[in-house]
$ cat run31.pdb   # PDB, C-alpha atoms
ATOM      1  CA  MET A   1       8.136 -20.659  21.937
ATOM      2  CA  THR A   2       9.988 -21.131  18.640
ATOM      3  CA  LYS A   3       9.714 -18.747  15.719
ATOM      4  CA  LEU A   4      10.818 -18.856  12.087
ATOM      5  CA  VAL A   5      10.524 -15.961   9.656
ATOM      6  CA  GLY A   6      11.443 -16.567   6.013
ATOM      7  CA  ASP A   7      10.792 -14.953   2.645
ATOM      8  CA  ASN A   8       7.801 -17.211   1.975
ATOM      9  CA  ILE A   9       6.571 -18.203   5.419
ATOM     10  CA  GLU A  10       6.304 -17.177   9.049
ATOM     11  CA  VAL A  11       5.844 -19.833  11.758
ATOM     12  CA  ILE A  12       5.430 -19.862  15.516
ATOM     13  CA  ALA A  13       5.304 -22.917  17.820
ATOM     14  CA  HIS A  14       4.368 -23.320  21.475
ATOM     15  CA  GLN A  15       4.691 -26.379  23.698
ATOM     16  CA  THR A  16       3.847 -27.322  27.292
ATOM     17  CA  ALA A  17       4.623 -30.552  29.149
ATOM     18  CA  LYS A  18       2.006 -32.477  31.132
ATOM     19  CA  ASP A  19       1.767 -31.170  34.707
ATOM     20  CA  GLY A  20       4.977 -29.180  34.170
ATOM     21  CA  LYS A  21       7.075 -32.377  33.984
ATOM     22  CA  ALA A  22      10.691 -32.414  32.766
ATOM     23  CA  PHE A  23       9.935 -34.556  29.688
ATOM     24  CA  CYS A  24       7.419 -33.529  27.048
ATOM     25  CA  GLY A  25       6.133 -36.445  24.980
ATOM     26  CA  ASP A  26       5.471 -34.163  22.003
ATOM     27  CA  GLY A  27       8.271 -33.269  19.617
ATOM     28  CA  TYR A  28       8.366 -31.022  16.582
ATOM     29  CA  TYR A  29      10.750 -29.748  13.959
ATOM     30  CA  PHE A  30      10.423 -27.329  11.075
ATOM     31  CA  THR A  31      12.746 -25.614   8.658
ATOM     32  CA  ALA A  32      12.495 -23.575   5.482
ATOM     33  CA  THR A  33      14.718 -23.494   2.403
ATOM     34  CA  ASP A  34      14.259 -21.313  -0.688
ATOM     35  CA  GLU A  35      12.185 -24.093  -2.266
ATOM     36  CA  TYR A  36      10.146 -25.600   0.570
ATOM     37  CA  PHE A  37       9.064 -25.632   4.184
ATOM     38  CA  VAL A  38       8.902 -28.919   6.066
ATOM     39  CA  CYS A  39       7.244 -29.561   9.427
ATOM     40  CA  VAL A  40       6.741 -32.622  11.634
ATOM     41  CA  LEU A  41       4.766 -32.961  14.849
ATOM     42  CA  ALA A  42       5.100 -36.217  16.795
ATOM     43  CA  ASP A  43       3.085 -37.150  19.870
ATOM     44  CA  GLY A  44       4.767 -40.034  21.703
ATOM     45  CA  LEU A  45       2.258 -42.489  23.220
ATOM     46  CA  GLY A  46       1.539 -41.779  26.869
ATOM     47  CA  SER A  47       3.789 -39.231  28.530
ATOM     48  CA  GLY A  48       7.158 -38.984  30.240
ATOM     49  CA  GLU A  49      10.563 -40.245  29.212
ATOM     50  CA  PHE A  50       9.535 -43.027  26.796
ATOM     51  CA  ALA A  51       7.059 -40.776  24.968
ATOM     52  CA  TYR A  52       9.820 -38.159  24.728
ATOM     53  CA  GLU A  53      12.259 -40.774  23.373
ATOM     54  CA  ALA A  54       9.770 -41.803  20.641
ATOM     55  CA  SER A  55       8.923 -38.266  19.504
ATOM     56  CA  SER A  56      12.594 -37.228  19.618
ATOM     57  CA  ALA A  57      13.548 -40.128  17.327
ATOM     58  CA  VAL A  58      10.963 -38.938  14.770
ATOM     59  CA  VAL A  59      12.124 -35.322  14.989
ATOM     60  CA  SER A  60      15.746 -36.338  14.571
ATOM     61  CA  VAL A  61      15.165 -38.448  11.453
ATOM     62  CA  VAL A  62      13.189 -35.667   9.739
ATOM     63  CA  GLU A  63      15.858 -33.125  10.643
ATOM     64  CA  GLN A  64      18.507 -35.339   9.012
ATOM     65  CA  HIS A  65      16.492 -36.077   5.837
ATOM     66  CA  HIS A  66      14.146 -33.117   5.341
ATOM     67  CA  GLU A  67      14.997 -32.851   1.634
ATOM     68  CA  LYS A  68      13.218 -36.180   0.945
ATOM     69  CA  ASP A  69       9.552 -36.445  -0.094
ATOM     70  CA  VAL A  70       6.748 -36.837   2.438
ATOM     71  CA  ASP A  71       6.112 -40.564   1.837
ATOM     72  CA  THR A  72       9.808 -41.369   2.271
ATOM     73  CA  LEU A  73       9.971 -39.278   5.436
ATOM     74  CA  MET A  74       6.901 -41.015   6.904
ATOM     75  CA  LYS A  75       8.495 -44.395   6.196
ATOM     76  CA  LEU A  76      11.720 -43.258   7.927
ATOM     77  CA  CYS A  77       9.675 -42.011  10.914
ATOM     78  CA  ASN A  78       7.925 -45.376  11.135
ATOM     79  CA  ASP A  79      11.179 -47.336  10.851
ATOM     80  CA  VAL A  80      12.885 -45.342  13.606
ATOM     81  CA  LEU A  81      10.068 -46.205  16.052
ATOM     82  CA  LEU A  82      10.693 -49.952  15.954
ATOM     83  CA  GLN A  83      11.327 -51.132  19.551
ATOM     84  CA  LYS A  84      10.154 -47.764  20.884
ATOM     85  CA  ARG A  85       6.908 -46.556  22.442
ATOM     86  CA  GLY A  86       5.255 -45.450  19.190
ATOM     87  CA  ALA A  87       3.914 -42.052  18.199
ATOM     88  CA  ALA A  88       1.172 -40.222  16.350
ATOM     89  CA  VAL A  89       2.935 -38.349  13.541
ATOM     90  CA  ALA A  90       1.839 -35.564  11.194
ATOM     91  CA  LEU A  91       4.239 -34.387   8.538
ATOM     92  CA  PHE A  92       3.879 -31.921   5.696
ATOM     93  CA  LYS A  93       5.901 -30.117   3.111
ATOM     94  CA  VAL A  94       4.994 -26.826   1.442
ATOM     95  CA  HIS A  95       6.408 -26.278  -2.048
ATOM     96  CA  PHE A  96       6.573 -22.531  -2.591
ATOM     97  CA  ALA A  97       6.916 -22.438  -6.397
ATOM     98  CA  SER A  98       3.872 -24.669  -7.048
ATOM     99  CA  ARG A  99       2.014 -23.379  -3.941
ATOM    100  CA  GLU A 100       1.301 -26.949  -2.892
ATOM    101  CA  PHE A 101       0.971 -28.676   0.472
ATOM    102  CA  VAL A 102       1.822 -32.375   0.704
ATOM    103  CA  TYR A 103       0.433 -33.747   3.977
ATOM    104  CA  SER A 104       0.447 -37.125   5.723
ATOM    105  CA  CYS A 105      -0.672 -38.083   9.221
ATOM    106  CA  VAL A 106      -1.195 -41.196  11.313
ATOM    107  CA  GLY A 107      -2.882 -40.591  14.662
ATOM    108  CA  ASN A 108      -4.915 -37.920  16.391
ATOM    109  CA  ILE A 109      -3.080 -34.760  15.397
ATOM    110  CA  ARG A 110      -5.289 -32.035  13.937
ATOM    111  CA  PHE A 111      -4.363 -29.921  10.920
ATOM    112  CA  PHE A 112      -6.222 -26.967   9.383
ATOM    113  CA  LEU A 113      -5.377 -24.785   6.386
ATOM    114  CA  TYR A 114      -7.351 -21.566   6.022
ATOM    115  CA  SER A 115      -7.097 -19.779   2.693
ATOM    116  CA  SER A 116      -7.273 -16.038   2.175
ATOM    117  CA  THR A 117     -10.546 -16.625   0.283
ATOM    118  CA  GLY A 118     -12.171 -18.233   3.326
ATOM    119  CA  LYS A 119     -11.841 -21.943   2.498
ATOM    120  CA  LEU A 120     -10.974 -24.263   5.404
ATOM    121  CA  THR A 121      -9.148 -27.491   4.512
ATOM    122  CA  TYR A 122      -9.153 -30.216   7.152
ATOM    123  CA  PRO A 123      -7.607 -33.505   5.984
ATOM    124  CA  LEU A 124      -9.015 -36.433   7.928
ATOM    125  CA  PRO A 125      -6.335 -38.212   9.942
ATOM    126  CA  VAL A 126      -5.639 -41.936   9.656
ATOM    127  CA  THR A 127      -6.326 -43.643  12.983
ATOM    128  CA  GLY A 128      -3.526 -45.440  14.825
ATOM    129  CA  TYR A 129       0.114 -44.588  15.358
ATOM    130  CA  LEU A 130       3.553 -45.345  13.959
ATOM    131  CA  SER A 131       5.408 -48.154  15.696
ATOM    132  CA  GLY A 132       7.750 -49.710  13.138
ATOM    133  CA  ARG A 133       5.128 -52.156  11.886
ATOM    134  CA  PRO A 134       4.263 -52.017   8.153
ATOM    135  CA  GLN A 135       1.933 -49.097   7.619
ATOM    136  CA  VAL A 136      -0.073 -47.595   4.761
ATOM    137  CA  PHE A 137       0.194 -43.807   4.532
ATOM    138  CA  HIS A 138      -2.564 -41.599   3.198
ATOM    139  CA  THR A 139      -0.692 -38.668   1.687
ATOM    140  CA  GLN A 140      -2.771 -35.773   0.410
ATOM    141  CA  ARG A 141      -1.949 -32.771  -1.775
ATOM    142  CA  PHE A 142      -3.697 -29.447  -1.926
ATOM    143  CA  THR A 143      -2.883 -25.995  -3.234
ATOM    144  CA  TYR A 144      -2.903 -22.774  -1.253
ATOM    145  CA  GLU A 145      -3.091 -19.044  -1.916
ATOM    146  CA  ALA A 146      -0.886 -16.255  -0.621
ATOM    147  CA  GLU A 147      -1.857 -15.076   2.884
ATOM    148  CA  SER A 148      -3.163 -18.548   3.825
ATOM    149  CA  LYS A 149      -2.667 -19.696   7.409
ATOM    150  CA  PHE A 150      -2.266 -23.160   8.907
ATOM    151  CA  LEU A 151      -2.616 -24.600  12.389
ATOM    152  CA  ILE A 152      -1.481 -28.034  13.528
ATOM    153  CA  TYR A 153      -1.777 -29.280  17.118
ATOM    154  CA  SER A 154      -1.481 -32.385  19.265
ATOM    155  CA  ASP A 155      -4.381 -33.946  21.188
ATOM    156  CA  GLY A 156      -3.335 -32.197  24.415
ATOM    157  CA  LEU A 157      -5.305 -29.264  23.001
ATOM    158  CA  ASN A 158      -8.970 -29.199  22.089
ATOM    159  CA  ILE A 159      -9.237 -25.988  20.077
ATOM    160  CA  GLN A 160     -12.764 -24.894  19.141
ATOM    161  CA  GLY A 161     -13.666 -22.481  16.345
ATOM    162  CA  VAL A 162     -10.432 -22.785  14.364
ATOM    163  CA  LYS A 163     -11.957 -20.972  11.386
ATOM    164  CA  SER A 164     -12.792 -17.864  13.396
ATOM    165  CA  LEU A 165      -9.316 -17.895  14.984
ATOM    166  CA  LEU A 166      -7.570 -18.007  11.602
ATOM    167  CA  LYS A 167      -9.867 -15.714   9.652
ATOM    168  CA  ALA A 168      -9.295 -12.734  11.946
ATOM    169  CA  PHE A 169      -6.393 -11.617   9.690
ATOM    170  CA  LEU A 170      -4.320 -10.976  12.787
ATOM    171  CA  PRO A 171      -0.550 -11.540  12.859
ATOM    172  CA  ILE A 172       0.254 -15.080  13.986
ATOM    173  CA  ASP A 173       1.882 -13.746  17.185
ATOM    174  CA  LEU A 174      -1.511 -12.422  18.310
ATOM    175  CA  ILE A 175      -3.408 -15.571  17.268
ATOM    176  CA  SER A 176      -0.825 -17.600  19.191
ATOM    177  CA  GLU A 177      -1.413 -15.495  22.327
ATOM    178  CA  ASP A 178      -5.174 -16.030  21.934
ATOM    179  CA  ILE A 179      -4.716 -19.811  21.759
ATOM    180  CA  LYS A 180      -2.462 -19.823  24.831
ATOM    181  CA  LYS A 181      -4.975 -17.747  26.795
ATOM    182  CA  GLN A 182      -8.071 -19.684  25.751
ATOM    183  CA  TYR A 183      -6.564 -23.174  25.982
ATOM    184  CA  PRO A 184      -4.046 -23.353  28.833
ATOM    185  CA  SER A 185      -3.257 -27.078  28.804
ATOM    186  CA  THR A 186      -1.496 -28.785  31.694
ATOM    187  CA  SER A 187      -3.349 -32.109  31.834
ATOM    188  CA  ASP A 188      -1.431 -33.498  28.842
ATOM    189  CA  ASP A 189       1.580 -32.692  26.697
ATOM    190  CA  ALA A 190       0.374 -30.032  24.265
ATOM    191  CA  THR A 191       1.900 -28.452  21.161
ATOM    192  CA  PHE A 192       0.611 -26.155  18.475
ATOM    193  CA  ILE A 193       2.342 -24.790  15.376
ATOM    194  CA  LEU A 194       0.827 -21.838  13.581
ATOM    195  CA  GLY A 195       1.989 -20.516  10.225
ATOM    196  CA  SER A 196       1.289 -17.847   7.654
ATOM    197  CA  LEU A 197       2.211 -18.276   3.991
ATOM    198  CA  LEU A 198       3.345 -15.036   2.433
TER     199      LEU A 198
END
$ encode --input "run31.pdb" --output "structure tokens"
Amino acid sequence: MTKLVGDNIEVIAHQTAKDGKAFCGDGYYFTATDEYFVCVLADGLGSGEFAYEASSAVVSVVEQHHEKDVDTLMKLCNDVLLQKRGAAVALFKVHFASREFVYSCVGNIRFFLYSSTGKLTYPLPVTGYLSGRPQVFHTQRFTYEAESKFLIYSDGLNIQGVKSLLKAFLPIDLISEDIKKQYPSTSDDATFILGSLL
């Protein structure tokens, strides 16, 4: 469990490896500055050491260059996967001053943004995965309100009723506990990241 609490955002992440193995094929990274929050979730193809190597490469490149824009970061993620296993990658940046999300994803990672007014935003993912081959990215922008929540998770989880989970107006710690209880995943690498925008 990883937690981040900032002036503009609160985030919690939870991860489990397939069958309790040493290597988890999912990788994630997030950080917040005064201006923005950036988050990446990478699901290396398959499981085990090579999946871990692929997702770790993505995480590392975002960590080193998180100040860059989303399209540039996605290109860097793709480039770093050349000669590696490949990975599904979702990446987004939240700009606090303009209250804007910039989101891009290739592969089966799910993302939901639930606004304080009850609107659920679910950008459709682009099928496939990043592997170093030339790739077209579908980057989307949408605004958010204060007290909005987001949830992003890898395909090791099959979460039902996301809207009712997020609209409960509970602290994210409690929502996170609910997800862990309702969806204990051991059959695949599984990661979820849950956030609240203040």
$ resolve_selection --input "run31.pdb" --expression "the PyMOL selection byres ((chain A and resi 37) around 7)" --output "ChimeraX atom specification"
/A:31-33,36,38-39,93-95
$ atom_distance --input "run31.pdb" --atom1 "atom CA of Tyr183 of chain A" --atom2 "atom CA of Gly46 of chain A"
20.3 Å
$ closest_residue --input "run31.pdb" --among "A:Phe137, A:Tyr29, A:Ala42, A:Asn158" --to "His66 of chain A" --atoms "all atoms listed in the file"
A:Tyr29
$ resolve_selection --input "run31.pdb" --expression "the PyMOL selection byres ((chain A and resi 134) around 12)" --output "PyMOL selection string"
chain A and resi 74-79+81-82+129-133+135-137
$ closest_atom_pairs --input "run31.pdb" --of "segment 90-156 of chain A" --to "segment 10-28 of chain A" --cutoff "12 Å" --atoms "all atoms listed in the file" --output "tab-separated table"
residue	atom	partner	partner_atom	distance
A:Ala90	CA	A:Tyr28	CA	9.6
A:Leu91	CA	A:Tyr28	CA	9.6
A:Phe92	CA	A:Tyr28	CA	11.8
A:Ile109	CA	A:Asp26	CA	10.8
A:Glu147	CA	A:Glu10	CA	10.4
A:Ser148	CA	A:Glu10	CA	10.9
A:Lys149	CA	A:Glu10	CA	9.5
A:Phe150	CA	A:Val11	CA	9.2
A:Leu151	CA	A:Val11	CA	9.7
A:Ile152	CA	A:Ala13	CA	9.5
A:Tyr153	CA	A:Ala13	CA	9.5
A:Ser154	CA	A:Asp26	CA	7.7
A:Asp155	CA	A:Asp26	CA	9.9
A:Gly156	CA	A:Lys18	CA	8.6
$ atom_distance --input "run31.pdb" --atom1 "atom CA of Thr143 of chain A" --atom2 "atom CA of Thr72 of chain A"
20.7 Å
$ residues_around --input "run31.pdb" --residues "Phe96 of chain A" --least-positions-apart "2" --cutoff "6 Å" --atoms "all atoms listed in the file" --output "PyMOL selection string"
chain A and resi 35-36+98-99
$ write_last_selection --input "run31.pdb" --atoms "C-alpha atoms" --output "mmCIF file, in the coordinates of the input"
data_model
loop_
_atom_site.group_PDB
_atom_site.id
_atom_site.type_symbol
_atom_site.label_atom_id
_atom_site.label_comp_id
_atom_site.auth_asym_id
_atom_site.auth_seq_id
_atom_site.Cartn_x
_atom_site.Cartn_y
_atom_site.Cartn_z
ATOM 1 C CA GLU A 35 12.185 -24.093 -2.266
ATOM 2 C CA TYR A 36 10.146 -25.600 0.570
ATOM 3 C CA SER A 98 3.872 -24.669 -7.048
ATOM 4 C CA ARG A 99 2.014 -23.379 -3.941
#
$ atom_distance --input "run31.pdb" --atom1 "atom CA of Thr2 of chain A" --atom2 "atom CA of Leu73 of chain A"
22.4 Å
$ axis_aligned_box --input "run31.pdb" --around "segment 156-172 of chain A" --padding-each-side "6 Å" --output "lines of an AutoDock Vina configuration file"
center_x = -6.7
center_y = -21.6
center_z = 17.0
size_x = 25.9
size_y = 33.2
size_z = 26.8
$ resolve_selection --input "run31.pdb" --expression "the PyMOL selection byres ((chain A and resi 139-141) around 8)" --output "VMD selection string"
chain A and resid 70 to 71 100 to 105 123 137 to 138 142 to 143
$ closest_residue --input "run31.pdb" --among "A:Ser56, A:Thr127, A:Ser164, A:Thr117" --to "Asp178 of chain A" --atoms "all atoms listed in the file"
A:Ser164
$ closest_residue --input "run31.pdb" --among "A:Ile179, A:Ala97, A:Leu45, A:Leu197" --to "Leu157 of chain A" --atoms "all atoms listed in the file"
A:Ile179
$ closest_residue --input "run31.pdb" --among "A:Asn8, A:Thr191, A:Gln182, A:Ser116" --to "Phe169 of chain A" --atoms "only C-alpha atoms"
A:Ser116
$ build_atoms --input "run31.pdb" --residues "segment 106-121 of chain A" --atoms "N, CA, C and O atoms" --output "short mmCIF file (atom, residue, chain, number, x, y, z; two decimals), keeping the file's coordinate frame"
data_model
loop_
_atom_site.label_atom_id
_atom_site.label_comp_id
_atom_site.auth_asym_id
_atom_site.auth_seq_id
_atom_site.Cartn_x
_atom_site.Cartn_y
_atom_site.Cartn_z
N VAL A 106 -0.64 -40.00 10.68
CA VAL A 106 -1.20 -41.20 11.31
C VAL A 106 -1.37 -40.86 12.79
O VAL A 106 -0.40 -40.53 13.48
N GLY A 107 -2.62 -40.91 13.25
CA GLY A 107 -2.88 -40.59 14.66
C GLY A 107 -3.67 -39.31 14.83
O GLY A 107 -4.00 -38.62 13.87
N ASN A 108 -3.97 -39.01 16.11
CA ASN A 108 -4.92 -37.92 16.39
C ASN A 108 -4.23 -36.56 16.55
O ASN A 108 -4.26 -35.94 17.62
N ILE A 109 -3.63 -36.12 15.48
CA ILE A 109 -3.08 -34.76 15.40
C ILE A 109 -3.97 -34.01 14.41
O ILE A 109 -4.31 -34.54 13.35
N ARG A 110 -4.37 -32.81 14.77
CA ARG A 110 -5.29 -32.03 13.94
C ARG A 110 -4.53 -31.03 13.07
O ARG A 110 -3.59 -30.39 13.55
N PHE A 111 -4.99 -30.88 11.84
CA PHE A 111 -4.36 -29.92 10.92
C PHE A 111 -5.45 -29.15 10.18
O PHE A 111 -6.42 -29.73 9.69
N PHE A 112 -5.29 -27.83 10.10
CA PHE A 112 -6.22 -26.97 9.38
C PHE A 112 -5.44 -26.00 8.51
O PHE A 112 -4.43 -25.43 8.94
N LEU A 113 -5.93 -25.80 7.29
CA LEU A 113 -5.38 -24.78 6.39
C LEU A 113 -6.51 -23.84 6.02
O LEU A 113 -7.56 -24.29 5.53
N TYR A 114 -6.32 -22.56 6.30
CA TYR A 114 -7.35 -21.57 6.02
C TYR A 114 -6.85 -20.62 4.94
O TYR A 114 -5.84 -19.94 5.13
N SER A 115 -7.57 -20.59 3.81
CA SER A 115 -7.10 -19.78 2.69
C SER A 115 -7.57 -18.34 2.84
O SER A 115 -8.54 -18.06 3.56
N SER A 116 -6.92 -17.46 2.13
CA SER A 116 -7.27 -16.04 2.17
C SER A 116 -8.66 -15.78 1.59
O SER A 116 -9.27 -14.74 1.81
N THR A 117 -9.20 -16.78 0.84
CA THR A 117 -10.55 -16.62 0.28
C THR A 117 -11.62 -17.23 1.20
O THR A 117 -12.80 -17.24 0.86
N GLY A 118 -11.19 -17.75 2.35
CA GLY A 118 -12.17 -18.23 3.33
C GLY A 118 -12.43 -19.72 3.31
O GLY A 118 -13.33 -20.22 3.99
N LYS A 119 -11.64 -20.48 2.56
CA LYS A 119 -11.84 -21.94 2.50
C LYS A 119 -11.02 -22.62 3.60
O LYS A 119 -9.83 -22.34 3.76
N LEU A 120 -11.66 -23.51 4.35
CA LEU A 120 -10.97 -24.26 5.40
C LEU A 120 -10.75 -25.69 4.93
O LEU A 120 -11.70 -26.39 4.58
N THR A 121 -9.49 -26.12 4.90
CA THR A 121 -9.15 -27.49 4.51
C THR A 121 -8.76 -28.25 5.77
O THR A 121 -7.93 -27.79 6.56
#
